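Q: Next up, target33.txt (compact mmCIF, C-alpha atoms and all ligand atoms).
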# COMPACT_ATOMS: atom_id res chain seq x y z
CA MET A 408 -106.81 26.69 3.20
CA GLN A 409 -108.72 29.55 1.64
CA ILE A 410 -106.82 32.63 0.43
CA PHE A 411 -108.56 35.99 0.11
CA HIS A 412 -107.15 39.19 -1.37
CA GLU A 413 -110.37 41.24 -1.16
CA ILE A 414 -112.47 42.29 1.84
CA ALA A 415 -116.02 41.53 0.64
CA PRO A 416 -115.55 37.77 -0.09
CA LEU A 417 -113.61 37.33 3.17
CA ARG A 418 -116.42 38.99 5.12
CA ALA A 419 -119.05 36.82 3.40
CA PHE A 420 -117.05 33.68 4.23
CA LEU A 421 -116.62 34.72 7.88
CA ARG A 422 -120.33 35.62 8.20
CA GLN A 423 -121.14 32.04 7.22
CA ILE A 424 -118.60 30.69 9.74
CA ARG A 425 -120.13 32.77 12.51
CA SER A 426 -123.68 31.78 11.61
CA ASP A 427 -122.54 28.15 11.99
CA GLY A 428 -121.68 29.05 15.62
CA LYS A 429 -117.91 28.91 15.10
CA ASP A 430 -115.47 31.32 16.72
CA CYS A 431 -112.49 32.86 15.01
CA GLY A 432 -108.89 33.81 15.88
CA LEU A 433 -106.80 36.32 13.94
CA VAL A 434 -103.01 36.29 13.66
CA PRO A 435 -101.96 39.56 11.99
CA THR A 436 -98.53 39.38 10.32
CA MET A 437 -96.38 41.13 7.78
CA GLY A 438 -95.30 37.77 6.32
CA ALA A 439 -91.77 36.31 6.26
CA LEU A 440 -93.23 33.83 8.71
CA HIS A 441 -91.07 32.06 11.30
CA GLY A 442 -91.34 29.94 14.45
CA GLY A 443 -92.70 32.89 16.45
CA HIS A 444 -95.65 33.18 14.06
CA VAL A 445 -96.15 29.41 14.26
CA SER A 446 -96.55 29.66 18.03
CA LEU A 447 -99.18 32.43 17.56
CA LEU A 448 -100.98 30.29 14.97
CA ASN A 449 -100.89 27.18 17.18
CA ARG A 450 -102.29 29.13 20.11
CA SER A 451 -105.08 30.47 17.93
CA LYS A 452 -105.81 27.02 16.53
CA ASN A 453 -106.09 25.64 20.09
CA GLU A 454 -108.47 28.39 21.19
CA ASN A 455 -110.71 28.95 18.15
CA SER A 456 -112.70 26.93 15.60
CA ILE A 457 -110.98 28.71 12.73
CA THR A 458 -107.79 30.73 12.39
CA VAL A 459 -107.27 33.61 9.99
CA CYS A 460 -103.73 34.79 9.25
CA SER A 461 -103.32 38.17 7.61
CA ILE A 462 -100.20 38.89 5.59
CA TYR A 463 -99.74 42.55 4.79
CA VAL A 464 -96.60 44.69 4.83
CA ASN A 465 -98.26 47.84 6.12
CA PRO A 466 -96.65 50.96 4.61
CA THR A 467 -98.12 53.38 7.17
CA GLN A 468 -96.06 51.93 10.01
CA PHE A 469 -92.69 52.42 8.30
CA ASN A 470 -91.13 55.79 9.07
CA ASN A 471 -88.07 54.81 7.00
CA PRO A 472 -88.74 54.17 3.27
CA GLY A 473 -85.60 52.00 2.96
CA ASP A 474 -86.87 49.77 5.75
CA LEU A 475 -90.21 49.30 3.93
CA LEU A 476 -88.41 48.52 0.66
CA ASN A 477 -86.09 45.98 2.29
CA TYR A 478 -88.71 44.29 4.45
CA PRO A 479 -88.55 40.57 3.52
CA ARG A 480 -91.42 39.35 1.34
CA THR A 481 -91.71 35.55 1.04
CA HIS A 482 -95.38 34.98 0.10
CA GLU A 483 -95.13 31.55 -1.54
CA LYS A 484 -93.08 30.12 1.33
CA ASP A 485 -95.50 31.72 3.81
CA TYR A 486 -98.49 30.04 2.16
CA GLU A 487 -96.69 26.68 2.30
CA LEU A 488 -95.96 27.08 6.00
CA LEU A 489 -99.53 28.20 6.75
CA GLU A 490 -100.90 25.18 4.91
CA LYS A 491 -98.55 22.93 6.89
CA VAL A 492 -99.55 24.30 10.30
CA GLY A 493 -103.24 23.99 9.41
CA CYS A 494 -104.22 27.66 9.12
CA ASP A 495 -107.76 27.89 7.74
CA VAL A 496 -107.85 31.29 6.07
CA VAL A 497 -105.25 33.72 4.71
CA PHE A 498 -106.05 37.37 4.09
CA SER A 499 -103.40 38.89 1.88
CA PRO A 500 -104.64 42.26 0.59
CA THR A 501 -102.94 44.79 -1.70
CA ASP A 502 -102.24 48.41 -0.73
CA GLU A 503 -105.24 49.47 -2.86
CA VAL A 504 -107.53 47.20 -0.85
CA MET A 505 -106.24 48.38 2.53
CA TYR A 506 -105.79 52.05 1.65
CA PRO A 507 -108.07 52.98 -1.26
CA ASP A 508 -107.47 56.63 -0.25
CA LYS A 509 -104.56 58.24 1.55
CA PRO A 510 -105.51 57.75 5.21
CA LEU A 511 -106.31 60.87 7.24
CA ILE A 512 -106.72 59.23 10.64
CA LYS A 513 -103.81 59.51 13.06
CA PHE A 514 -103.55 57.91 16.48
CA ASP A 515 -101.72 59.48 19.40
CA PHE A 516 -101.11 57.17 22.35
CA GLY A 517 -99.47 59.84 24.50
CA PRO A 518 -97.11 58.37 27.11
CA LEU A 519 -97.37 54.87 25.60
CA ASP A 520 -95.89 56.24 22.39
CA ASP A 521 -93.43 58.91 23.59
CA ILE A 522 -90.67 56.47 24.51
CA MET A 523 -88.70 53.57 23.05
CA GLU A 524 -90.06 52.54 19.62
CA GLY A 525 -92.43 55.50 19.48
CA TYR A 526 -89.56 57.92 20.16
CA TYR A 527 -87.13 56.35 17.68
CA ARG A 528 -89.76 55.62 15.03
CA PRO A 529 -92.15 58.61 15.05
CA GLY A 530 -95.55 57.77 13.56
CA HIS A 531 -94.87 54.02 13.71
CA PHE A 532 -97.57 53.18 16.25
CA SER A 533 -100.14 55.40 14.55
CA GLY A 534 -99.65 53.24 11.45
CA VAL A 535 -99.72 50.00 13.45
CA ALA A 536 -102.92 51.04 15.24
CA LEU A 537 -104.56 52.07 11.97
CA VAL A 538 -103.88 48.77 10.22
CA VAL A 539 -104.74 46.67 13.29
CA ALA A 540 -108.02 48.59 13.75
CA LYS A 541 -108.80 47.90 10.08
CA LEU A 542 -107.91 44.20 10.35
CA LEU A 543 -109.99 43.77 13.51
CA ASN A 544 -112.87 45.54 11.80
CA ILE A 545 -112.58 43.43 8.64
CA VAL A 546 -112.17 40.03 10.34
CA GLN A 547 -114.05 40.73 13.61
CA PRO A 548 -112.19 37.93 15.39
CA ASP A 549 -113.12 36.70 18.85
CA ARG A 550 -109.42 36.69 19.70
CA ALA A 551 -106.33 38.27 18.11
CA TYR A 552 -102.76 37.13 18.79
CA PHE A 553 -99.61 39.24 19.08
CA GLY A 554 -96.04 38.40 20.11
CA GLN A 555 -94.46 39.49 23.39
CA LYS A 556 -91.31 40.49 21.47
CA ASP A 557 -93.15 43.65 20.42
CA TRP A 558 -94.27 44.47 23.96
CA GLN A 559 -94.85 48.17 23.33
CA GLN A 560 -96.94 47.30 20.27
CA ALA A 561 -98.95 44.74 22.24
CA THR A 562 -99.57 47.30 25.02
CA ILE A 563 -100.71 49.94 22.53
CA ILE A 564 -102.98 47.50 20.69
CA SER A 565 -104.52 46.40 24.00
CA ARG A 566 -105.22 50.07 24.75
CA LEU A 567 -106.64 50.65 21.26
CA VAL A 568 -109.07 47.77 21.65
CA GLU A 569 -110.04 48.89 25.15
CA GLU A 570 -110.61 52.54 24.23
CA LEU A 571 -112.48 51.82 21.00
CA GLN A 572 -114.41 49.01 22.74
CA ILE A 573 -113.59 46.58 19.95
CA PRO A 574 -115.10 43.20 20.90
CA SER A 575 -111.94 41.15 20.23
CA GLU A 576 -109.77 39.78 23.01
CA ILE A 577 -106.04 40.50 22.68
CA ARG A 578 -103.78 37.59 23.59
CA ILE A 579 -100.03 38.10 23.98
CA VAL A 580 -97.88 35.05 23.30
CA PRO A 581 -94.34 34.57 24.76
CA THR A 582 -91.35 35.19 22.50
CA THR A 583 -89.93 32.24 20.58
CA ARG A 584 -86.13 32.12 20.55
CA GLU A 585 -83.46 30.47 18.43
CA PRO A 586 -81.30 27.98 20.41
CA ASP A 587 -78.69 30.74 20.99
CA GLY A 588 -81.30 33.09 22.46
CA LEU A 589 -81.96 35.37 19.47
CA ALA A 590 -85.65 36.31 19.43
CA MET A 591 -87.30 35.09 16.22
CA SER A 592 -88.13 37.97 13.90
CA SER A 593 -88.74 38.42 10.18
CA ARG A 594 -85.93 40.98 10.25
CA ASN A 595 -83.41 38.23 11.15
CA LEU A 596 -83.62 37.18 7.48
CA ARG A 597 -81.86 40.44 6.60
CA LEU A 598 -78.79 39.67 8.73
CA LYS A 599 -75.68 38.79 6.73
CA PRO A 600 -74.24 35.35 7.66
CA SER A 601 -71.25 37.14 9.23
CA GLU A 602 -73.60 39.31 11.34
CA ARG A 603 -75.85 36.52 12.60
CA PRO A 604 -73.55 35.41 15.50
CA GLN A 605 -73.36 39.04 16.72
CA ALA A 606 -77.18 39.28 16.92
CA THR A 607 -77.18 37.27 20.16
CA ILE A 608 -76.00 40.48 21.90
CA PHE A 609 -79.63 41.47 22.68
CA TYR A 610 -80.34 38.27 24.61
CA GLU A 611 -76.91 38.42 26.26
CA VAL A 612 -77.49 41.99 27.46
CA LEU A 613 -81.02 41.21 28.70
CA THR A 614 -79.80 38.14 30.58
CA TYR A 615 -76.90 40.08 32.07
CA ALA A 616 -79.15 43.02 33.04
CA LYS A 617 -81.83 40.83 34.62
CA ASN A 618 -79.23 39.10 36.75
CA ALA A 619 -77.43 42.36 37.64
CA ILE A 620 -80.69 44.02 38.71
CA LEU A 621 -82.43 41.16 40.51
CA LYS A 622 -79.51 39.26 42.02
CA GLU A 623 -76.59 41.72 42.24
CA LYS A 624 -78.91 44.68 43.02
CA LYS A 625 -76.90 46.95 40.69
CA PRO A 626 -78.31 50.42 40.03
CA PHE A 627 -79.97 50.65 36.62
CA PRO A 628 -77.68 53.40 35.21
CA THR A 629 -74.64 51.16 35.96
CA VAL A 630 -76.36 48.30 34.14
CA VAL A 631 -77.00 50.50 31.09
CA GLU A 632 -73.38 51.62 31.10
CA HIS A 633 -72.21 48.01 31.08
CA ALA A 634 -74.70 47.16 28.32
CA ARG A 635 -73.12 49.92 26.18
CA GLU A 636 -69.69 48.38 26.83
CA MET A 637 -71.01 44.97 25.75
CA PHE A 638 -72.25 46.53 22.49
CA SER A 639 -68.88 48.16 21.88
CA ARG A 640 -67.27 44.72 21.33
CA ASP A 641 -68.01 44.92 17.59
CA PRO A 642 -68.26 48.02 15.37
CA ARG A 643 -71.31 46.55 13.61
CA LEU A 644 -73.31 46.68 16.86
CA ARG A 645 -75.11 49.79 18.08
CA LEU A 646 -77.31 50.04 21.17
CA GLU A 647 -80.21 52.42 20.70
CA TYR A 648 -81.86 52.02 24.09
CA LEU A 649 -82.10 49.75 27.11
CA GLU A 650 -85.09 50.77 29.24
CA MET A 651 -86.67 49.36 32.36
CA VAL A 652 -90.41 50.12 32.34
CA ASP A 653 -93.63 49.16 34.07
CA SER A 654 -95.03 46.55 31.68
CA LYS A 655 -98.59 47.79 32.27
CA ASN A 656 -98.26 51.47 31.36
CA LEU A 657 -94.68 51.62 29.96
CA ASN A 658 -93.65 54.24 32.53
CA PRO A 659 -89.83 54.23 32.76
CA ILE A 660 -88.53 53.23 36.20
CA THR A 661 -85.04 53.17 37.68
CA ASN A 662 -85.90 51.02 40.67
CA VAL A 663 -87.19 47.50 40.03
CA GLU A 664 -89.51 47.75 43.05
CA ASP A 665 -91.41 50.63 41.43
CA ALA A 666 -93.56 48.41 39.23
CA GLU A 667 -95.63 45.31 39.87
CA ARG A 668 -94.25 43.64 36.75
CA PRO A 669 -91.20 45.44 35.34
CA ILE A 670 -89.87 44.63 31.89
CA LEU A 671 -86.53 45.39 30.23
CA CYS A 672 -86.81 46.53 26.61
CA ILE A 673 -83.88 46.84 24.22
CA ALA A 674 -83.35 48.04 20.65
CA GLY A 675 -80.30 48.42 18.49
CA TYR A 676 -78.57 47.63 15.23
CA VAL A 677 -76.55 44.75 13.88
CA GLY A 678 -75.09 46.32 10.74
CA GLU A 679 -78.07 47.81 8.90
CA VAL A 680 -80.66 45.66 10.66
CA ARG A 681 -82.61 47.09 13.58
CA LEU A 682 -83.72 44.53 16.16
CA ILE A 683 -85.71 44.69 19.41
CA ASP A 684 -86.23 42.33 22.31
CA ASN A 685 -87.43 42.35 25.92
CA MET A 686 -87.43 40.33 29.12
CA PHE A 687 -89.71 40.42 32.16
CA LEU A 688 -87.94 41.15 35.42
CA ASP A 689 -89.31 38.37 37.51
CA LEU A 690 -87.40 35.32 38.56
CA SER A 691 -89.80 32.85 36.95
CA SER A 692 -90.14 34.08 33.33
CA ASN A 693 -87.78 34.65 30.40
O1 LIG A 701 -96.10 42.92 14.40
C1 LIG A 701 -96.34 42.99 13.18
O2 LIG A 701 -96.00 42.11 12.39
C2 LIG A 701 -97.09 44.20 12.65
O3 LIG A 701 -96.76 45.34 13.34
C3 LIG A 701 -98.62 44.00 12.62
C4 LIG A 701 -99.18 43.82 14.02
C5 LIG A 701 -98.96 42.78 11.77
C6 LIG A 701 -99.30 45.22 12.00
O4 LIG A 701 -98.86 45.46 10.69
Could you quickly redo this structure as structure tokens?
A:
Amino acid sequence: MQIFHEIAPLRAFLRQIRSDGKDCGLVPTMGALHGGHVSLLNRSKNENSITVCSIYVNPTQFNNPGDLLNYPRTHEKDYELLEKVGCDVVFSPTDEVMYPDKPLIKFDFGPLDDIMEGYYRPGHFSGVALVVAKLLNIVQPDRAYFGQKDWQQATIISRLVEELQIPSEIRIVPTTREPDGLAMSSRNLRLKPSERPQATIFYEVLTYAKNAILKEKKPFPTVVEHAREMFSRDPRLRLEYLEMVDSKNLNPITNVEDAERPILCIAGYVGEVRLIDNMFLDLSSN
């Protein structure tokens, strides 16, 4: 496994790879790697000759300085895991490499950004889009892999690539869950042992809501009200939002029939840790 911290040697290496006729997959991460990342890496390994994993905690996507400070950083362990899963290349740049100057570019994704994560974390998706545009430009992968857990992010990145006509295909990989249903996330590392059992609330609410909407035909506002009650079982839990949206354009809907493929998205806190999750509203998928 080759590790690069600078752009120029990585580009030279990848130029050689391409001139040998090989294709390349990129798995962008912020480190603290877990089973969800492994499934992205395995997918990329199956679909490309070589897989690049980037590890970079991107400061421009954090609207809360405390969150950036506390974001888990486990580089040595990450390298070990990447070696084990057979990742070919790691790109792990410093802030100086990624942002030699204070960035001036801002992205505005309009209705894709006005709700849910974009509403509660203003500027977040501008920072995500900036770093992803940079990574796609640096690596120029044939395919790039993102997790379904961050559905709004995946939708915005797909739009970014489409509008800027970036020649990389975006592949969205289903969420990997712990046996009790908790979606795998680097942020789970920040949960205190006493908080960890409470973190299943997101999966419980999504499972309840999916059933209530599809089988019991309950109106969405009633479902949200019950979700709030479920969150009130422990003072360490706080529901930020439960939204039902069209998975294509993120338009909020109140009637499940109003979208071809509706998705439920949820965000909230367990203690100090903010978590998100989602579930498609069709009978076949999670
Ligand atoms: O999903 C993440 O880990 C990050 O938002 C990403 C896509 C690596 C950009 O920093």
Q: Check which residues fall inside 6 Å of ligand LIG 701 (chain A) when counting only C-alpha atoms and all ligand atoms, and print them as an MDAnalysis selection string.
A: chainID A and resid 435:437 465 535 539
Q: What lies within 9 Å of segment 563-576 of chain A using all atoms listed in the file, ignoring chain neighbours under 6 positions off, as a PyMOL selection string?
A: chain A and resi 516+519-520+532+535-536+539-540+543-544+547-552
Q: Contacts of segment 459-461 of chain A at 7 Å or less, counting all atoms listed in the file, minus same-chain residues fewer than 6 places along, as a list in words?
A: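 In the requested format, the answer is Gly432, Leu433, Val434, Pro435, Thr436, Cys494, Asp495, Val496, Val497, Phe498 and Ser499 of chain A.
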Q: Given the choices A:Val445, A:Asn470, A:Lys624, A:Ile670, which gets closest to Glu490 of chain A if the distance is worked out from all atoms listed in the file?
A: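 The shortest atom-to-atom distance to Glu490 of chain A comes from A:Val445.
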Q: Pick from A:Ile608, A:Leu440, A:Arg578, A:Glu602: nearest to Arg480 of chain A, with all atoms listed in the file counted?
A: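 Result for the nearest residue to Arg480 of chain A: A:Leu440.
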Q: Any idea what's packed within 12 Å of Asn662 of chain A, counting only C-alpha atoms, ignoring anything in its chain fewer than 6 positions away? Could you give it as a PDB file with C-alpha atoms, in the frame of the given file?
A:
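around_4.pdb was written with the following content:
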ATOM      1  CA  ILE A 620     -80.690  44.020  38.710  1.00  0.00           C
ATOM      2  CA  LEU A 621     -82.430  41.160  40.510  1.00  0.00           C
ATOM      3  CA  LYS A 624     -78.910  44.680  43.020  1.00  0.00           C
ATOM      4  CA  LYS A 625     -76.900  46.950  40.690  1.00  0.00           C
ATOM      5  CA  PRO A 626     -78.310  50.420  40.030  1.00  0.00           C
ATOM      6  CA  PHE A 627     -79.970  50.650  36.620  1.00  0.00           C
ATOM      7  CA  PRO A 628     -77.680  53.400  35.210  1.00  0.00           C
ATOM      8  CA  VAL A 630     -76.360  48.300  34.140  1.00  0.00           C
ATOM      9  CA  GLU A 650     -85.090  50.770  29.240  1.00  0.00           C
ATOM     10  CA  MET A 651     -86.670  49.360  32.360  1.00  0.00           C
ATOM     11  CA  VAL A 652     -90.410  50.120  32.340  1.00  0.00           C
ATOM     12  CA  ASP A 653     -93.630  49.160  34.070  1.00  0.00           C
ATOM     13  CA  ARG A 668     -94.250  43.640  36.750  1.00  0.00           C
ATOM     14  CA  PRO A 669     -91.200  45.440  35.340  1.00  0.00           C
ATOM     15  CA  ILE A 670     -89.870  44.630  31.890  1.00  0.00           C
ATOM     16  CA  LEU A 671     -86.530  45.390  30.230  1.00  0.00           C
ATOM     17  CA  LEU A 688     -87.940  41.150  35.420  1.00  0.00           C
TER      18      LEU A 688
END
Q: Taking 5 positions as the minimum chain separation for residues in the same chain, which residues sit within 9 Å of Leu421 of chain A when counting only C-alpha atoms? Answer as a ChimeraX atom specification.
A: /A:416,426,431,546-547
Q: To one decimal in Å, tell me the separation between atom CA of Arg643 of chain A and atom CA of Phe469 of chain A.
A: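 Going from atom CA of Arg643 of chain A over to atom CA of Phe469 of chain A, I get 22.8 Å.
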Q: Just to confirm, what's the straight-line distance from atom CA of Asp684 of chain A to atom CA of Tyr463 of chain A in Å (one decimal)?
A: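 Result for atom CA of Asp684 of chain A versus atom CA of Tyr463 of chain A: 22.1 Å, one decimal.
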Q: Quick one: residues within 10 Å of Thr501 of chain A, all atoms listed in the file, excluding same-chain residues fewer than 4 positions away - as a list in words?
A: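 Listed by chain and then number, they are His412, Glu413, Ile462, Tyr463, Val464, Asn465, Met505, Tyr506 and Pro507 of chain A.
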Q: Output the selection as a CSV table (one decimal), keeping the file's coordinate frame - C-alpha atoms for each residue.
A:
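The resulting file, again_3.csv, is shown below:
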chain,number,residue,atom,x,y,z
A,412,HIS,CA,-107.2,39.2,-1.4
A,413,GLU,CA,-110.4,41.2,-1.2
A,462,ILE,CA,-100.2,38.9,5.6
A,463,TYR,CA,-99.7,42.6,4.8
A,464,VAL,CA,-96.6,44.7,4.8
A,465,ASN,CA,-98.3,47.8,6.1
A,505,MET,CA,-106.2,48.4,2.5
A,506,TYR,CA,-105.8,52.0,1.6
A,507,PRO,CA,-108.1,53.0,-1.3
Q: Which residue, A:Asp521, A:Asp515, A:Glu487, A:Asp557, has the smallest gap to Leu537 of chain A when you use only C-alpha atoms?
A: A:Asp515
Q: Report, in Å with one decimal, the straight-line distance from atom CA of Met686 of chain A to atom CA of Ser446 of chain A.
A: 17.9 Å
Q: I'd like to know which of A:Lys617, A:Val663, A:Thr629, A:Leu417 is closest to Leu542 of chain A, using all atoms listed in the file.
A: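 So, comparing all the options, the nearest one is A:Leu417.
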Q: Pick out the closest residue to Phe638 of chain A from this set: A:Glu623, A:Asp665, A:Glu611, A:Asp508. Count only C-alpha atoms.
A: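 Using only C-alpha atoms, Phe638 of chain A sits closest to A:Glu611.
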Q: I need the residue nearest Asn595 of chain A from this list: A:Thr661, A:Thr607, A:Thr582, A:Gln409. Use all atoms listed in the file for the distance.
A: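 Under the stated criterion, the closest residue is A:Thr607.
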